[in-house]
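S.K.: Next up, run.cif (mmCIF, C-alpha atoms).
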```cif
data_start
loop_
_atom_site.label_atom_id
_atom_site.label_comp_id
_atom_site.auth_asym_id
_atom_site.auth_seq_id
_atom_site.Cartn_x
_atom_site.Cartn_y
_atom_site.Cartn_z
CA MET A 1 57.70 0.26 33.32
CA VAL A 2 57.35 1.22 29.65
CA ARG A 3 58.28 4.68 28.75
CA VAL A 4 56.37 6.28 25.79
CA LEU A 5 58.27 8.91 23.88
CA PRO A 6 56.39 11.92 22.58
CA GLY A 7 56.15 12.20 18.79
CA ARG A 8 54.53 9.88 16.31
CA PRO A 9 51.79 7.74 17.73
CA ASN A 10 52.26 4.01 17.42
CA TYR A 11 49.74 2.75 14.84
CA ASN A 12 49.17 -0.77 13.73
CA LYS A 13 50.43 -0.80 10.10
CA ARG A 14 48.18 -3.68 9.10
CA LYS A 15 45.05 -1.74 9.92
CA GLY A 16 44.88 0.44 6.76
CA MET A 17 46.31 0.46 3.22
CA THR A 18 49.61 2.16 2.73
CA ALA A 19 50.38 4.67 -0.01
CA LYS A 20 52.47 2.04 -1.79
CA THR A 21 49.52 -0.36 -1.96
CA ILE A 22 47.14 2.33 -3.23
CA THR A 23 49.66 3.41 -5.89
CA SER A 24 50.10 -0.20 -7.03
CA ILE A 25 46.33 -0.65 -7.38
CA VAL A 26 45.94 2.58 -9.38
CA ILE A 27 48.78 1.63 -11.73
CA ALA A 28 47.31 -1.86 -12.26
CA ILE A 29 43.87 -0.44 -13.06
CA THR A 30 45.42 2.08 -15.48
CA ILE A 31 47.37 -0.61 -17.30
CA LEU A 32 44.29 -2.82 -17.61
CA PHE A 33 42.25 0.10 -18.94
CA VAL A 34 44.90 0.96 -21.56
CA LEU A 35 45.11 -2.66 -22.66
CA LEU A 36 41.35 -2.89 -22.96
CA ILE A 37 41.13 0.29 -25.06
CA THR A 38 43.94 -0.73 -27.41
CA GLN A 39 42.39 -4.16 -27.83
CA THR A 40 39.05 -2.69 -28.94
CA GLN A 41 40.76 -0.27 -31.33
CA ALA A 42 42.75 -3.08 -32.92
CA GLU A 43 39.54 -4.87 -33.88
CA GLU A 44 38.19 -1.92 -35.89
CA VAL A 45 36.88 -3.05 -39.28
CA LEU A 46 37.29 -0.88 -42.36
CA PRO A 47 34.40 -0.71 -44.84
CA GLN A 48 34.83 -2.48 -48.13
CA LYS A 49 34.60 -0.63 -51.41
CA LYS A 50 31.39 -1.30 -53.26
CA PRO A 51 31.56 -1.94 -57.00
CA VAL A 52 30.00 0.58 -59.34
CA SER A 53 26.49 -0.55 -60.00
CA ILE A 54 25.16 -1.15 -63.49
CA GLN A 55 22.38 1.39 -62.95
CA LEU A 56 24.89 4.16 -62.26
CA GLN A 57 26.83 3.26 -65.39
CA THR A 58 23.70 3.35 -67.57
CA LYS A 59 22.75 6.75 -66.10
CA LEU A 60 26.20 8.08 -66.94
CA ASN A 61 25.93 6.71 -70.48
CA SER A 62 22.49 8.26 -71.00
CA PHE A 63 23.76 11.63 -69.72
CA GLY A 64 26.72 11.45 -72.10
CA THR A 65 24.35 10.68 -74.99
CA TRP A 66 22.08 13.58 -74.02
CA LEU A 67 25.10 15.91 -73.83
CA ASN A 68 26.40 14.82 -77.24
CA GLU A 69 23.00 15.45 -78.86
CA ARG A 70 22.85 19.10 -77.71
CA PRO A 71 26.21 20.77 -78.44
CA GLU A 72 24.61 23.94 -79.90
CA ALA A 73 22.39 24.45 -76.84
CA ILE A 74 25.38 24.22 -74.53
CA GLY A 75 27.45 26.48 -76.78
CA ASN A 76 24.68 29.09 -76.88
CA TRP A 77 24.29 28.96 -73.11
CA ALA A 78 28.04 29.44 -72.58
CA THR A 79 28.13 32.38 -75.02
CA ASN A 80 25.14 34.05 -73.35
CA GLU A 81 26.68 33.62 -69.90
CA TRP A 82 29.98 35.07 -71.11
CA GLU A 83 28.23 38.14 -72.50
CA ASP A 84 26.27 38.63 -69.26
CA ILE A 85 29.50 38.44 -67.25
CA LYS A 86 31.19 41.01 -69.47
CA GLN A 87 28.26 43.45 -69.11
CA PHE A 88 28.18 42.99 -65.33
CA GLN A 89 31.92 43.58 -65.04
CA LYS A 90 31.79 46.66 -67.27
CA ALA A 91 29.07 48.27 -65.14
CA ASN A 92 30.64 47.40 -61.79
CA TRP A 93 34.22 48.21 -62.73
CA GLN A 94 33.13 51.67 -63.84
CA SER A 95 31.48 52.34 -60.46
CA GLY A 96 34.60 50.94 -58.77
CA LYS A 97 36.81 53.37 -60.68
CA GLU A 98 34.56 56.26 -59.67
CA GLN A 99 34.67 55.20 -56.00
CA THR A 100 38.47 54.91 -56.12
CA ALA A 101 38.72 58.44 -57.53
CA LYS A 102 36.46 59.76 -54.73
CA ASN A 103 38.56 57.99 -52.10
CA PHE A 104 41.76 59.43 -53.57
CA GLU A 105 40.30 62.96 -53.44
CA LYS A 106 39.28 62.52 -49.79
CA ILE A 107 42.74 61.28 -48.80
CA LYS A 108 44.34 64.07 -50.81
CA SER A 109 42.19 66.67 -49.03
CA PHE A 110 43.54 65.47 -45.65
CA LEU A 111 47.17 65.63 -46.78
CA VAL A 112 47.15 68.86 -48.82
CA ASP A 113 47.47 72.17 -47.01
CA LYS A 114 44.27 74.05 -47.85
CA THR A 115 45.82 77.52 -47.63
CA THR A 116 48.64 76.90 -50.10
CA ASN A 117 47.09 74.09 -52.15
CA ARG A 118 50.21 71.95 -51.87
#
```
Kindly return the structure encoded in the file as structure tokens.
M.R.:
Amino acid sequence: MVRVLPGRPNYNKRKGMTAKTITSIVIAITILFVLLITQTQAEEVLPQKKPVSIQLQTKLNSFGTWLNERPEAIGNWATNEWEDIKQFQKANWQSGKEQTAKNFEKIKSFLVDKTTNR
């Protein structure tokens, strides 16, 4: 007569995969994936530098020639721009000074006691 003890049931271990087998398969798949990814990254090709074309060089030369032929036009443009900037700054700095004075008076009115003017 066989006596069965209560507790863990008696399973056939060959029936299913154990945790050790599943872990081994996951690790193997992970290693293969990493190797595959690093292999494809190692074969990355960098682009080669292209030489400056002759057309670009001739365009640069023609622009330099055009620029050398018109020094007075460029000088006049720079002078006019400088004068415009000075006028703009003069007008806006004056309004900025006025706004700063107004702000100072408002702050002063909060801090000064109105009955004693201190």
S.K.: Interatomic distance between CA of Leu46 (chain A) and CA of Leu60 (chain A)?
M.R.: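 For CA of Leu46 (chain A) relative to CA of Leu60 (chain A), the distance reads 28.4 Å.
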S.K.: Could you give me the centre and size, in Å to one decimal, of an axis-aligned box around all listed atoms of region 101-106 of chain A with 6 Å added on every side, as JSON?
M.R.:
```
{"center_x": 39.1, "center_y": 60.5, "center_z": -53.7, "size_x": 17.3, "size_y": 17.0, "size_z": 19.7}
```
S.K.: In Å, how far is it from CA of Ala78 (chain A) to CA of Trp66 (chain A)?
M.R.: 17.0 Å
S.K.: In Å, rounded to a single decimal, give me how far CA of Ala73 (chain A) is from CA of Asn92 (chain A).
M.R.: 28.7 Å
